[in-house]
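Below is one structure, written out as structure tokens, with a few remarks after it.
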Amino acid sequence: MRSHIVGRLVSVASASLLLLGAAAGSAQAVPGPVLYSIDFSNPQERDDNDLPEPYGKVFLQAPWGQQTALWEHPDVDVNTPTLPRYPDFRPYETRFVDHPVTAVCAYVGEDDTGINADDELAAGCVPFEGRGDYTITGEDGSVTVHLYEV
């Protein structure tokens with residue numbers, strides 16, 4: 001009788017773990033190429049061209065914190081380039097991601113050197129759910145990552 005109960009418990013535990021694993025796995029991209037583009041939005045931008053000068057980092061994150069950068073640029077004050085979209089002249093960029101993905105993250109400022117304090121376009125992460133658009137907001141704007149193939 002005791003072995004019968006233990007056998008049932010093991011079966012229930014195994015089934016539960018399989019279901020949990022399938023649910024967790026459905027929200028993770030497997031390692032491979034990622035096709036994407038990024039839009040930077042700063043509705044408050046009011047300079048000679050009304051386009052943002054973003055700096056910071058946009059990346060895909062693994063469950064254990066490992067990151068694959070999709071875009072990175074340092075803050076170089078007045079020399080930070082204007083960039084409303086990345087990549088500039090192609091429909092998408094490609095990166096190889098060598099880990100599972102559970103989050104799309106952006107920590108992006110916008111340079112306003114000589115005008116006022118820099119703006120915050122994005123600060124945080126959103127859960128990865130497959131192909132689609134991911135918008136990460138900040139106090140002054142947003143960054144939208146378009147994932148075309150994952």
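By order of appearance in the structure tokens: chains A, B, ..., then residues from 1 within every chain, and ligands from 1 in the order shown.
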Residues at most 12 Å from Thr137 of chain A, counting only C-alpha atoms, excluding those fewer than 2 positions away in the same chain, as an mmCIF file with N, CA, C and O atoms, in the first residue's frame?
data_model
loop_
_atom_site.group_PDB
_atom_site.id
_atom_site.type_symbol
_atom_site.label_atom_id
_atom_site.label_comp_id
_atom_site.auth_asym_id
_atom_site.auth_seq_id
_atom_site.Cartn_x
_atom_site.Cartn_y
_atom_site.Cartn_z
ATOM 1 N N ASP A 39 13.087 51.766 -31.940
ATOM 2 C CA ASP A 39 12.637 53.152 -32.103
ATOM 3 C C ASP A 39 12.827 53.889 -30.787
ATOM 4 O O ASP A 39 12.448 53.376 -29.728
ATOM 5 N N PHE A 40 13.400 55.088 -30.864
ATOM 6 C CA PHE A 40 13.607 55.942 -29.701
ATOM 7 C C PHE A 40 12.630 57.100 -29.789
ATOM 8 O O PHE A 40 12.586 57.797 -30.811
ATOM 9 N N SER A 41 11.853 57.335 -28.742
ATOM 10 C CA SER A 41 10.841 58.391 -28.773
ATOM 11 C C SER A 41 11.021 59.334 -27.590
ATOM 12 O O SER A 41 11.064 58.906 -26.443
ATOM 13 N N ASN A 42 11.107 60.620 -27.902
ATOM 14 C CA ASN A 42 11.173 61.654 -26.878
ATOM 15 C C ASN A 42 10.229 62.777 -27.286
ATOM 16 O O ASN A 42 10.629 63.706 -27.986
ATOM 17 N N CYS A 105 15.039 44.521 -22.261
ATOM 18 C CA CYS A 105 15.384 45.597 -21.335
ATOM 19 C C CYS A 105 15.956 46.807 -22.071
ATOM 20 O O CYS A 105 16.609 46.657 -23.103
ATOM 21 N N ALA A 106 15.733 47.984 -21.501
ATOM 22 C CA ALA A 106 16.308 49.215 -22.041
ATOM 23 C C ALA A 106 16.555 50.197 -20.902
ATOM 24 O O ALA A 106 15.665 50.444 -20.081
ATOM 25 N N TYR A 107 17.755 50.721 -20.878
ATOM 26 C CA TYR A 107 18.142 51.792 -19.966
ATOM 27 C C TYR A 107 18.760 52.867 -20.849
ATOM 28 O O TYR A 107 19.941 52.790 -21.192
ATOM 29 N N VAL A 108 17.935 53.827 -21.251
ATOM 30 C CA VAL A 108 18.339 54.792 -22.267
ATOM 31 C C VAL A 108 18.022 56.210 -21.808
ATOM 32 O O VAL A 108 16.896 56.522 -21.412
ATOM 33 N N GLY A 109 19.055 57.059 -21.879
ATOM 34 C CA GLY A 109 18.890 58.480 -21.629
ATOM 35 C C GLY A 109 18.898 59.217 -22.951
ATOM 36 O O GLY A 109 19.137 58.636 -24.014
ATOM 37 N N ASP A 119 17.141 63.699 -20.523
ATOM 38 C CA ASP A 119 15.863 63.021 -20.364
ATOM 39 C C ASP A 119 16.083 61.523 -20.172
ATOM 40 O O ASP A 119 17.089 60.975 -20.611
ATOM 41 N N GLU A 120 15.103 60.865 -19.557
ATOM 42 C CA GLU A 120 15.126 59.413 -19.401
ATOM 43 C C GLU A 120 14.077 58.831 -20.346
ATOM 44 O O GLU A 120 12.881 59.027 -20.157
ATOM 45 N N LEU A 121 14.547 58.134 -21.381
ATOM 46 C CA LEU A 121 13.622 57.537 -22.338
ATOM 47 C C LEU A 121 13.105 56.185 -21.870
ATOM 48 O O LEU A 121 11.950 55.843 -22.106
ATOM 49 N N ALA A 122 13.961 55.370 -21.256
ATOM 50 C CA ALA A 122 13.545 54.041 -20.814
ATOM 51 C C ALA A 122 14.380 53.603 -19.626
ATOM 52 O O ALA A 122 15.566 53.898 -19.562
ATOM 53 N N ALA A 123 13.736 52.888 -18.710
ATOM 54 C CA ALA A 123 14.446 52.371 -17.545
ATOM 55 C C ALA A 123 13.724 51.143 -17.029
ATOM 56 O O ALA A 123 12.781 51.242 -16.247
ATOM 57 N N GLY A 124 14.122 49.970 -17.536
ATOM 58 C CA GLY A 124 13.520 48.755 -17.024
ATOM 59 C C GLY A 124 13.455 47.634 -18.032
ATOM 60 O O GLY A 124 14.058 47.709 -19.110
ATOM 61 N N CYS A 125 12.695 46.606 -17.672
ATOM 62 C CA CYS A 125 12.550 45.407 -18.495
ATOM 63 C C CYS A 125 11.074 45.035 -18.596
ATOM 64 O O CYS A 125 10.285 45.355 -17.711
ATOM 65 N N VAL A 126 10.723 44.364 -19.675
ATOM 66 C CA VAL A 126 9.396 43.789 -19.830
ATOM 67 C C VAL A 126 9.571 42.307 -20.138
ATOM 68 O O VAL A 126 10.566 41.917 -20.750
ATOM 69 N N TYR A 134 7.950 45.536 -28.092
ATOM 70 C CA TYR A 134 8.128 45.691 -26.654
ATOM 71 C C TYR A 134 8.470 47.146 -26.374
ATOM 72 O O TYR A 134 9.510 47.623 -26.804
ATOM 73 N N THR A 135 7.606 47.842 -25.654
ATOM 74 C CA THR A 135 7.845 49.243 -25.322
ATOM 75 C C THR A 135 8.227 49.350 -23.856
ATOM 76 O O THR A 135 7.488 48.897 -22.979
ATOM 77 N N GLU A 139 10.682 58.321 -17.683
ATOM 78 C CA GLU A 139 9.965 59.531 -17.268
ATOM 79 C C GLU A 139 9.644 60.459 -18.438
ATOM 80 O O GLU A 139 8.647 61.168 -18.406
ATOM 81 N N ASP A 140 10.487 60.453 -19.472
ATOM 82 C CA ASP A 140 10.356 61.448 -20.531
ATOM 83 C C ASP A 140 10.095 60.880 -21.924
ATOM 84 O O ASP A 140 10.028 61.639 -22.888
ATOM 85 N N GLY A 141 9.986 59.576 -22.065
ATOM 86 C CA GLY A 141 9.801 59.021 -23.399
ATOM 87 C C GLY A 141 9.690 57.515 -23.366
ATOM 88 O O GLY A 141 9.263 56.935 -22.362
ATOM 89 N N SER A 142 10.114 56.882 -24.457
ATOM 90 C CA SER A 142 10.036 55.421 -24.528
ATOM 91 C C SER A 142 11.003 54.885 -25.574
ATOM 92 O O SER A 142 11.472 55.603 -26.449
ATOM 93 N N VAL A 143 11.261 53.598 -25.455
ATOM 94 C CA VAL A 143 12.053 52.854 -26.431
ATOM 95 C C VAL A 143 11.209 51.642 -26.811
ATOM 96 O O VAL A 143 10.716 50.935 -25.938
ATOM 97 N N THR A 144 11.027 51.424 -28.117
ATOM 98 C CA THR A 144 10.266 50.273 -28.583
ATOM 99 C C THR A 144 11.203 49.353 -29.355
ATOM 100 O O THR A 144 11.860 49.772 -30.314
ATOM 101 N N VAL A 145 11.271 48.099 -28.903
ATOM 102 C CA VAL A 145 12.087 47.076 -29.557
ATOM 103 C C VAL A 145 11.132 46.203 -30.373
ATOM 104 O O VAL A 145 10.179 45.644 -29.831
#
- Item | Polymer residues at most 7 Å from Gln61 of chain A, only C-alpha atoms, same-chain spacing of 4 or more positions, as a PyMOL selection string | chain A and resi 65-68+101-104
Produce a file of the selected residues containing all heavy atoms, as a short mmCIF file (atom, residue, chain, number, x, y, z; two decimals), in the first residue's frame.
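Generated file (result33.cif):
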data_model
loop_
_atom_site.label_atom_id
_atom_site.label_comp_id
_atom_site.auth_asym_id
_atom_site.auth_seq_id
_atom_site.Cartn_x
_atom_site.Cartn_y
_atom_site.Cartn_z
N GLY A 65 20.35 36.47 -15.61
CA GLY A 65 20.92 37.81 -15.70
C GLY A 65 21.87 38.06 -16.86
O GLY A 65 22.24 39.20 -17.11
N GLN A 66 22.30 37.02 -17.56
CA GLN A 66 23.20 37.22 -18.71
C GLN A 66 22.49 38.10 -19.74
O GLN A 66 21.29 37.99 -19.95
CB GLN A 66 23.56 35.87 -19.33
CG GLN A 66 24.51 35.99 -20.51
CD GLN A 66 24.87 34.62 -21.10
OE1 GLN A 66 24.60 33.58 -20.51
NE2 GLN A 66 25.47 34.64 -22.26
N GLN A 67 23.27 38.98 -20.39
CA GLN A 67 22.70 39.93 -21.34
C GLN A 67 23.35 39.80 -22.72
O GLN A 67 24.53 39.52 -22.83
CB GLN A 67 22.92 41.36 -20.85
CG GLN A 67 22.34 41.65 -19.50
CD GLN A 67 22.75 43.02 -18.98
OE1 GLN A 67 23.51 43.74 -19.60
NE2 GLN A 67 22.23 43.36 -17.83
N THR A 68 22.54 40.04 -23.75
CA THR A 68 23.04 40.21 -25.10
C THR A 68 22.60 41.60 -25.56
O THR A 68 21.39 41.87 -25.65
CB THR A 68 22.49 39.14 -26.06
OG1 THR A 68 22.98 37.87 -25.65
CG2 THR A 68 22.93 39.41 -27.49
N VAL A 101 15.96 33.65 -23.49
CA VAL A 101 15.56 35.05 -23.25
C VAL A 101 14.27 35.07 -22.45
O VAL A 101 13.30 34.41 -22.82
CB VAL A 101 15.36 35.80 -24.58
CG1 VAL A 101 14.84 37.21 -24.33
CG2 VAL A 101 16.66 35.83 -25.36
N THR A 102 14.26 35.82 -21.35
CA THR A 102 13.05 35.98 -20.55
C THR A 102 12.62 37.44 -20.43
O THR A 102 11.52 37.70 -19.96
CB THR A 102 13.22 35.39 -19.15
OG1 THR A 102 14.35 36.00 -18.52
CG2 THR A 102 13.41 33.89 -19.20
N ALA A 103 13.48 38.39 -20.84
CA ALA A 103 13.12 39.80 -20.71
C ALA A 103 13.79 40.63 -21.81
O ALA A 103 14.87 40.30 -22.29
CB ALA A 103 13.54 40.34 -19.34
N VAL A 104 13.09 41.70 -22.19
CA VAL A 104 13.62 42.71 -23.11
C VAL A 104 13.82 43.96 -22.26
O VAL A 104 12.88 44.41 -21.59
CB VAL A 104 12.63 42.99 -24.26
CG1 VAL A 104 13.19 44.04 -25.20
CG2 VAL A 104 12.29 41.70 -25.01
#
- Message: At a cut-off of 8 Å, using only C-alpha atoms, what residues contact Trp71 of chain A? Leave out same-chain residues fewer than 2 positions from it and give the result as a list in words.
- Response: Lys57, Val58, Phe59, Ala69, His73 and Tyr86 of chain A
- What is the distance, in Å and to one decimal place, between atom CA of Phe128 of chain A and atom CA of Tyr36 of chain A?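 That distance, rounded to one decimal, is 13.6 Å.
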- How far is it from atom CA of Pro52 of chain A to atom CA of Leu70 of chain A, in Å with one decimal?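 Taking atom CA of Pro52 of chain A and atom CA of Leu70 of chain A, their separation equals 18.0 Å.
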- Message: My list of candidates is A:Val34, A:Asp118, A:Asp50, A:Phe89. Which is closest to Asp75 of chain A when distances are computed with only C-alpha atoms?
- Response: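 Closest candidate: A:Asp118.
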- Message: Give me the residues near Glu93 of chain A as a PyMOL selection string, where near means some atom within 7 Å (using only C-alpha atoms) and where sequence neighbours in that chain fewer than 4 positions away do not count.
- Response: chain A and resi 35-37+87
Go ahead and dump the residues you just picked, C-alpha atoms, as a CSV table (one decimal), in the first residue's frame.
chain,number,residue,atom,x,y,z
A,35,LEU,CA,16.2,40.1,-36.1
A,36,TYR,CA,15.1,43.4,-34.6
A,37,SER,CA,14.9,47.2,-34.9
A,87,PRO,CA,19.5,50.6,-37.6
- Query: How many Å separate atom CA of Pro43 of chain A from atom CA of Tyr55 of chain A?
  - Reply: 16.3 Å
- Query: Using only C-alpha atoms, which of A:Thr113, A:His99, A:Arg131, A:Gly138 sits nearest Trp64 of chain A?
  - Reply: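 Using only C-alpha atoms, the shortest distance to Trp64 of chain A belongs to A:His99.
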- Taking the DSSP assignment computed from this structure's backbone, write out as a ChimeraX atom specification all residues of segment 33-115 of chain A that belong to strand (DSSP E). /A:33-41,54-61,67-73,85-86,93-97,103-110
Pull C-alpha atoms from the residues just selected and write them as a PDB file, in the first residue's frame.
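Writing done, so here's selection.pdb:
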ATOM      1  CA  PRO A  33      19.674  34.661 -34.396  1.00  0.00           C
ATOM      2  CA  VAL A  34      17.410  37.597 -33.484  1.00  0.00           C
ATOM      3  CA  LEU A  35      16.160  40.076 -36.123  1.00  0.00           C
ATOM      4  CA  TYR A  36      15.126  43.407 -34.632  1.00  0.00           C
ATOM      5  CA  SER A  37      14.904  47.181 -34.878  1.00  0.00           C
ATOM      6  CA  ILE A  38      14.594  49.862 -32.185  1.00  0.00           C
ATOM      7  CA  ASP A  39      12.637  53.152 -32.103  1.00  0.00           C
ATOM      8  CA  PHE A  40      13.607  55.942 -29.701  1.00  0.00           C
ATOM      9  CA  SER A  41      10.841  58.391 -28.773  1.00  0.00           C
ATOM     10  CA  PRO A  54      19.923  58.557 -27.205  1.00  0.00           C
ATOM     11  CA  TYR A  55      22.618  56.881 -25.126  1.00  0.00           C
ATOM     12  CA  GLY A  56      22.589  53.792 -22.946  1.00  0.00           C
ATOM     13  CA  LYS A  57      21.845  50.135 -23.582  1.00  0.00           C
ATOM     14  CA  VAL A  58      19.080  47.933 -25.000  1.00  0.00           C
ATOM     15  CA  PHE A  59      19.467  44.192 -24.398  1.00  0.00           C
ATOM     16  CA  LEU A  60      17.876  40.752 -24.109  1.00  0.00           C
ATOM     17  CA  GLN A  61      18.225  39.095 -20.703  1.00  0.00           C
ATOM     18  CA  GLN A  67      22.704  39.931 -21.344  1.00  0.00           C
ATOM     19  CA  THR A  68      23.041  40.211 -25.104  1.00  0.00           C
ATOM     20  CA  ALA A  69      23.263  43.848 -26.198  1.00  0.00           C
ATOM     21  CA  LEU A  70      21.070  44.871 -29.120  1.00  0.00           C
ATOM     22  CA  TRP A  71      22.251  48.502 -29.044  1.00  0.00           C
ATOM     23  CA  GLU A  72      24.733  50.436 -26.913  1.00  0.00           C
ATOM     24  CA  HIS A  73      26.090  53.972 -27.021  1.00  0.00           C
ATOM     25  CA  ARG A  85      15.673  54.490 -35.128  1.00  0.00           C
ATOM     26  CA  TYR A  86      18.276  51.720 -35.134  1.00  0.00           C
ATOM     27  CA  GLU A  93      19.637  44.274 -37.483  1.00  0.00           C
ATOM     28  CA  THR A  94      20.725  40.718 -36.591  1.00  0.00           C
ATOM     29  CA  ARG A  95      22.401  39.460 -33.419  1.00  0.00           C
ATOM     30  CA  PHE A  96      23.121  35.933 -32.225  1.00  0.00           C
ATOM     31  CA  VAL A  97      21.795  35.243 -28.736  1.00  0.00           C
ATOM     32  CA  ALA A 103      13.123  39.797 -20.713  1.00  0.00           C
ATOM     33  CA  VAL A 104      13.617  42.709 -23.105  1.00  0.00           C
ATOM     34  CA  CYS A 105      15.384  45.597 -21.335  1.00  0.00           C
ATOM     35  CA  ALA A 106      16.308  49.215 -22.041  1.00  0.00           C
ATOM     36  CA  TYR A 107      18.142  51.792 -19.966  1.00  0.00           C
ATOM     37  CA  VAL A 108      18.339  54.792 -22.267  1.00  0.00           C
ATOM     38  CA  GLY A 109      18.890  58.480 -21.629  1.00  0.00           C
ATOM     39  CA  GLU A 110      18.624  61.333 -24.101  1.00  0.00           C
TER      40      GLU A 110
END
